[in-house]
>>> print(open('work-v6.tsv').read())   # TSV, N, CA and C atoms
chain	number	residue	atom	x	y	z
D	23	MET	N	-29.11	38.18	57.75
D	23	MET	CA	-29.83	37.21	56.95
D	23	MET	C	-31.33	37.31	57.24
D	24	ILE	N	-32.12	37.28	56.22
D	24	ILE	CA	-33.57	37.36	56.38
D	24	ILE	C	-34.11	35.95	56.56
D	25	THR	N	-34.85	35.77	57.65
D	25	THR	CA	-35.41	34.43	57.88
D	25	THR	C	-36.92	34.42	57.81
D	26	GLU	N	-37.53	35.58	57.92
D	26	GLU	CA	-38.99	35.63	57.89
D	26	GLU	C	-39.47	36.66	56.87
D	27	TRP	N	-40.61	36.32	56.27
D	27	TRP	CA	-41.20	37.17	55.25
D	27	TRP	C	-42.67	37.40	55.57
D	28	ASN	N	-43.18	38.52	55.15
D	28	ASN	CA	-44.60	38.83	55.23
D	28	ASN	C	-45.17	38.72	53.82
D	29	ALA	N	-46.26	38.01	53.69
D	29	ALA	CA	-46.93	37.90	52.39
D	29	ALA	C	-48.26	38.64	52.45
D	30	CYS	N	-48.61	39.26	51.35
D	30	CYS	CA	-49.88	39.99	51.25
D	30	CYS	C	-50.48	39.68	49.89
D	31	GLU	N	-51.79	39.47	49.85
D	31	GLU	CA	-52.49	39.22	48.59
D	31	GLU	C	-53.72	40.09	48.50
D	32	VAL	N	-53.98	40.60	47.29
D	32	VAL	CA	-55.18	41.38	47.02
D	32	VAL	C	-55.83	40.78	45.78
D	33	THR	N	-57.13	40.51	45.86
D	33	THR	CA	-57.86	39.89	44.77
D	33	THR	C	-58.95	40.82	44.26
D	34	ASP	N	-59.14	40.84	42.95
D	34	ASP	CA	-60.28	41.57	42.39
D	34	ASP	C	-60.89	40.74	41.27
D	35	ALA	N	-62.06	41.15	40.82
D	35	ALA	CA	-62.83	40.38	39.85
D	35	ALA	C	-62.41	40.64	38.40
D	36	SER	N	-61.53	41.58	38.18
D	36	SER	CA	-61.11	41.90	36.82
D	36	SER	C	-60.14	40.85	36.30
D	37	SER	N	-60.30	40.48	35.04
D	37	SER	CA	-59.36	39.54	34.43
D	37	SER	C	-58.24	40.28	33.68
D	38	ALA	N	-58.30	41.60	33.66
D	38	ALA	CA	-57.27	42.39	32.98
D	38	ALA	C	-55.95	42.28	33.72
D	39	ALA	N	-54.89	42.04	32.97
D	39	ALA	CA	-53.56	41.94	33.58
D	39	ALA	C	-53.10	43.32	34.06
D	40	PRO	N	-52.53	43.39	35.25
D	40	PRO	CA	-52.02	44.68	35.73
D	40	PRO	C	-50.77	45.07	34.96
D	41	HIS	N	-50.52	46.36	34.84
D	41	HIS	CA	-49.29	46.81	34.21
D	41	HIS	C	-48.74	48.00	34.98
D	42	LEU	N	-47.45	48.04	35.07
D	42	LEU	CA	-46.76	49.09	35.80
D	42	LEU	C	-46.86	50.39	35.03
D	43	ARG	N	-47.31	51.43	35.71
D	43	ARG	CA	-47.45	52.75	35.09
D	43	ARG	C	-46.49	53.72	35.76
D	44	HIS	N	-46.27	54.81	35.11
D	44	HIS	CA	-45.49	55.92	35.68
D	44	HIS	C	-46.36	57.17	35.57
D	45	PRO	N	-47.30	57.32	36.53
D	45	PRO	CA	-48.27	58.42	36.43
D	45	PRO	C	-47.63	59.80	36.62
D	46	ARG	N	-48.27	60.77	36.01
D	46	ARG	CA	-47.87	62.16	36.23
D	46	ARG	C	-48.35	62.58	37.61
D	47	THR	N	-47.82	63.65	38.14
D	47	THR	CA	-48.21	64.11	39.48
D	47	THR	C	-49.68	64.53	39.52
D	48	THR	N	-50.26	64.88	38.38
D	48	THR	CA	-51.66	65.31	38.36
D	48	THR	C	-52.64	64.14	38.16
D	49	ASP	N	-52.14	62.95	37.86
D	49	ASP	CA	-53.02	61.79	37.68
D	49	ASP	C	-53.61	61.37	39.02
D	50	GLU	N	-54.88	61.00	39.02
D	50	GLU	CA	-55.56	60.61	40.25
D	50	GLU	C	-55.36	59.15	40.60
D	51	GLY	N	-54.91	58.33	39.66
D	51	GLY	CA	-54.72	56.91	39.93
D	51	GLY	C	-53.50	56.38	39.21
D	52	GLY	N	-53.32	55.07	39.29
D	52	GLY	CA	-52.23	54.43	38.57
D	52	GLY	C	-50.97	54.24	39.37
D	53	ARG	N	-51.05	54.38	40.70
D	53	ARG	CA	-49.85	54.27	41.52
D	53	ARG	C	-49.74	52.96	42.28
D	54	GLY	N	-50.78	52.17	42.31
D	54	GLY	CA	-50.80	50.96	43.13
D	54	GLY	C	-49.67	49.99	42.83
D	55	LEU	N	-49.53	49.59	41.59
D	55	LEU	CA	-48.49	48.63	41.22
D	55	LEU	C	-47.10	49.25	41.33
D	56	LEU	N	-46.98	50.55	41.09
D	56	LEU	CA	-45.70	51.23	41.24
D	56	LEU	C	-45.25	51.16	42.71
D	57	LEU	N	-46.18	51.40	43.63
D	57	LEU	CA	-45.85	51.29	45.06
D	57	LEU	C	-45.45	49.87	45.42
D	58	ILE	N	-46.19	48.90	44.92
D	58	ILE	CA	-45.87	47.50	45.19
D	58	ILE	C	-44.46	47.17	44.70
D	59	ALA	N	-44.13	47.58	43.49
D	59	ALA	CA	-42.82	47.28	42.92
D	59	ALA	C	-41.69	47.94	43.72
D	60	ARG	N	-41.94	49.12	44.25
D	60	ARG	CA	-40.91	49.85	45.00
D	60	ARG	C	-40.75	49.36	46.43
D	61	LEU	N	-41.83	48.89	47.05
D	61	LEU	CA	-41.80	48.59	48.48
D	61	LEU	C	-41.70	47.11	48.83
D	62	THR	N	-41.71	46.25	47.86
D	62	THR	CA	-41.66	44.82	48.16
D	62	THR	C	-40.45	44.16	47.52
D	63	GLN	N	-40.09	43.02	48.05
D	63	GLN	CA	-38.96	42.26	47.49
D	63	GLN	C	-39.38	41.54	46.22
D	64	ARG	N	-40.55	40.89	46.29
D	64	ARG	CA	-41.06	40.14	45.13
D	64	ARG	C	-42.56	40.37	45.03
D	65	TRP	N	-43.08	40.31	43.82
D	65	TRP	CA	-44.52	40.39	43.63
D	65	TRP	C	-44.86	39.70	42.31
D	66	GLY	N	-46.13	39.35	42.18
D	66	GLY	CA	-46.58	38.71	40.96
D	66	GLY	C	-48.08	38.66	40.89
D	67	THR	N	-48.60	38.06	39.84
D	67	THR	CA	-50.03	37.96	39.60
D	67	THR	C	-50.40	36.50	39.37
D	68	ARG	N	-51.50	36.11	39.94
D	68	ARG	CA	-52.06	34.77	39.73
D	68	ARG	C	-53.48	34.94	39.23
D	69	HIS	N	-53.77	34.41	38.04
D	69	HIS	CA	-55.12	34.51	37.48
D	69	HIS	C	-55.96	33.33	37.96
D	70	THR	N	-57.22	33.60	38.24
D	70	THR	CA	-58.15	32.56	38.69
D	70	THR	C	-59.40	32.61	37.82
D	71	GLY	N	-60.30	31.70	38.05
D	71	GLY	CA	-61.56	31.69	37.31
D	71	GLY	C	-62.46	32.87	37.64
D	72	ARG	N	-62.15	33.57	38.74
D	72	ARG	CA	-62.98	34.70	39.17
D	72	ARG	C	-62.24	36.04	39.16
D	73	GLY	N	-61.12	36.12	38.44
D	73	GLY	CA	-60.37	37.38	38.41
D	73	GLY	C	-58.89	37.14	38.55
D	74	LYS	N	-58.25	37.97	39.37
D	74	LYS	CA	-56.81	37.84	39.57
D	74	LYS	C	-56.45	38.18	41.01
D	75	THR	N	-55.29	37.69	41.42
D	75	THR	CA	-54.73	38.00	42.73
D	75	THR	C	-53.32	38.53	42.51
D	76	ILE	N	-53.03	39.67	43.12
D	76	ILE	CA	-51.67	40.20	43.12
D	76	ILE	C	-51.08	39.88	44.48
D	77	TRP	N	-49.92	39.24	44.49
D	77	TRP	CA	-49.27	38.85	45.74
D	77	TRP	C	-47.94	39.58	45.89
D	78	THR	N	-47.53	39.76	47.14
D	78	THR	CA	-46.26	40.42	47.43
D	78	THR	C	-45.55	39.68	48.56
D	79	GLU	N	-44.24	39.87	48.63
D	79	GLU	CA	-43.45	39.38	49.75
D	79	GLU	C	-42.53	40.51	50.22
D	80	GLN	N	-42.50	40.73	51.53
D	80	GLN	CA	-41.65	41.75	52.13
D	80	GLN	C	-40.85	41.10	53.26
D	81	PRO	N	-39.55	41.43	53.40
D	81	PRO	CA	-38.77	40.88	54.51
D	81	PRO	C	-39.21	41.52	55.83
D	82	LEU	N	-39.22	40.73	56.87
D	82	LEU	CA	-39.52	41.23	58.21
D	82	LEU	C	-38.22	41.58	58.92
D	83	PRO	N	-38.26	42.51	59.89
D	83	PRO	CA	-37.05	42.85	60.63
D	83	PRO	C	-36.52	41.62	61.38
D	84	ALA	N	-35.19	41.54	61.51
D	84	ALA	CA	-34.57	40.42	62.20
D	84	ALA	C	-34.87	40.43	63.70
D	85	HIS	N	-34.99	41.61	64.30
D	85	HIS	CA	-35.24	41.74	65.73
D	85	HIS	C	-36.37	42.74	65.97
D	86	PRO	N	-37.19	42.52	67.00
D	86	PRO	CA	-38.27	43.48	67.30
D	86	PRO	C	-37.69	44.88	67.49
D	87	GLY	N	-38.34	45.86	66.93
D	87	GLY	CA	-37.90	47.24	67.03
D	87	GLY	C	-37.00	47.67	65.89
D	88	ASP	N	-36.41	46.70	65.17
D	88	ASP	CA	-35.58	47.03	64.00
D	88	ASP	C	-36.50	47.38	62.84
D	89	THR	N	-35.94	47.99	61.84
D	89	THR	CA	-36.68	48.19	60.61
D	89	THR	C	-36.29	47.10	59.63
D	90	ALA	N	-37.17	46.79	58.73
D	90	ALA	CA	-36.87	45.77	57.73
D	90	ALA	C	-35.74	46.27	56.84
D	91	PRO	N	-34.89	45.37	56.39
D	91	PRO	CA	-33.76	45.80	55.54
D	91	PRO	C	-34.26	46.38	54.22
D	92	ILE	N	-33.53	47.35	53.73
D	92	ILE	CA	-33.85	47.92	52.42
D	92	ILE	C	-33.09	47.11	51.38
D	93	ILE	N	-33.82	46.55	50.45
D	93	ILE	CA	-33.22	45.71	49.42
D	93	ILE	C	-33.05	46.59	48.18
D	94	PRO	N	-31.83	46.78	47.71
D	94	PRO	CA	-31.63	47.65	46.53
D	94	PRO	C	-32.24	47.07	45.28
D	95	ASP	N	-32.61	47.97	44.33
D	95	ASP	CA	-33.08	47.51	43.02
D	95	ASP	C	-31.96	46.81	42.30
D	96	ASN	N	-32.32	45.80	41.52
D	96	ASN	CA	-31.30	45.10	40.75
D	96	ASN	C	-31.04	45.78	39.44
>>> encode(input="work-v6.tsv", output="structure tokens")
Amino acid sequence: MITEWNACEVTDASSAAPHLRHPRTTDEGGRGLLLIARLTQRWGTRHTGRGKTIWTEQPLPAHPGDTAPIIPDN
């Protein structure tokens, strides 16, 4: 059972909504949200008067030295 979570937030000044991309191997960008979607349990966007914040939640390991559980895609 997961009892603890790690939260992370990143804020930028852009008001543009993020969108999940599937970049080609030769593309230089466009992987940030794809990584977030693959490596976190939950994520979302909160818009503010000064831009947006993307937040994530990841489960923490139950015991020190363990790895965090891998949560399968739904």
>>> select_by_dssp(input="work-v6.tsv", residues="chain D", states="strand (DSSP E or B)", output="list in words")
Trp27, Asn28, Ala29, Cys30, Glu31, Val32, Thr33, Asp34, Arg64, Trp65, Gly66, Thr67, Arg68, His69, Thr70, Gly73, Lys74, Thr75, Ile76, Trp77, Thr78, Glu79, Gln80 and Pro81 of chain D
>>> residues_around(input="work-v6.tsv", residues="Leu57 of chain D", least_positions_apart="6", cutoff="12 Å", atoms="only C-alpha atoms", output="ChimeraX atom specification")
/D:42-45,51,63,65,78
>>> axis_aligned_box(input="work-v6.tsv", around="segment 30-43 of chain D", padding_each_side="3 Å", output="lines of an AutoDock Vina configuration file")
center_x = -54.7
center_y = 46.5
center_z = 42.2
size_x = 22.3
size_y = 20.5
size_z = 24.4
>>> closest_residue(input="work-v6.tsv", among="D:Gly66, D:Gln80, D:His85, D:Lys74", to="Val32 of chain D", atoms="all atoms listed in the file")
D:Lys74
>>> residues_around(input="work-v6.tsv", residues="Thr70 of chain D", least_positions_apart="5", cutoff="10 Å", atoms="only C-alpha atoms", output="list in words")
Thr33, Asp34, Ala35, Ser36, Ser37 and Thr75 of chain D
>>> atom_distance(input="work-v6.tsv", atom1="atom C of Gly54 of chain D", atom2="atom CA of Arg68 of chain D")
15.7 Å
>>> atom_distance(input="work-v6.tsv", atom1="atom N of Gly52 of chain D", atom2="atom C of Pro40 of chain D")
11.2 Å
>>> atom_distance(input="work-v6.tsv", atom1="atom CA of Glu79 of chain D", atom2="atom CA of Leu55 of chain D")
13.6 Å
>>> select_by_dssp(input="work-v6.tsv", residues="chain D", states="alpha helix (DSSP H)", output="PyMOL selection string")
chain D and resi 54-61
>>> write_last_selection(input="work-v6.tsv", atoms="N, CA and C atoms", output="CSV table (one decimal), in the frame of the given file")
chain,number,residue,atom,x,y,z
D,54,GLY,N,-50.8,52.2,42.3
D,54,GLY,CA,-50.8,51.0,43.1
D,54,GLY,C,-49.7,50.0,42.8
D,55,LEU,N,-49.5,49.6,41.6
D,55,LEU,CA,-48.5,48.6,41.2
D,55,LEU,C,-47.1,49.2,41.3
D,56,LEU,N,-47.0,50.6,41.1
D,56,LEU,CA,-45.7,51.2,41.2
D,56,LEU,C,-45.2,51.2,42.7
D,57,LEU,N,-46.2,51.4,43.6
D,57,LEU,CA,-45.8,51.3,45.1
D,57,LEU,C,-45.4,49.9,45.4
D,58,ILE,N,-46.2,48.9,44.9
D,58,ILE,CA,-45.9,47.5,45.2
D,58,ILE,C,-44.5,47.2,44.7
D,59,ALA,N,-44.1,47.6,43.5
D,59,ALA,CA,-42.8,47.3,42.9
D,59,ALA,C,-41.7,47.9,43.7
D,60,ARG,N,-41.9,49.1,44.2
D,60,ARG,CA,-40.9,49.8,45.0
D,60,ARG,C,-40.8,49.4,46.4
D,61,LEU,N,-41.8,48.9,47.0
D,61,LEU,CA,-41.8,48.6,48.5
D,61,LEU,C,-41.7,47.1,48.8
>>> closest_residue(input="work-v6.tsv", among="D:Ala39, D:Arg53, D:His69, D:Ala29", to="Pro81 of chain D", atoms="only C-alpha atoms")
D:Ala29
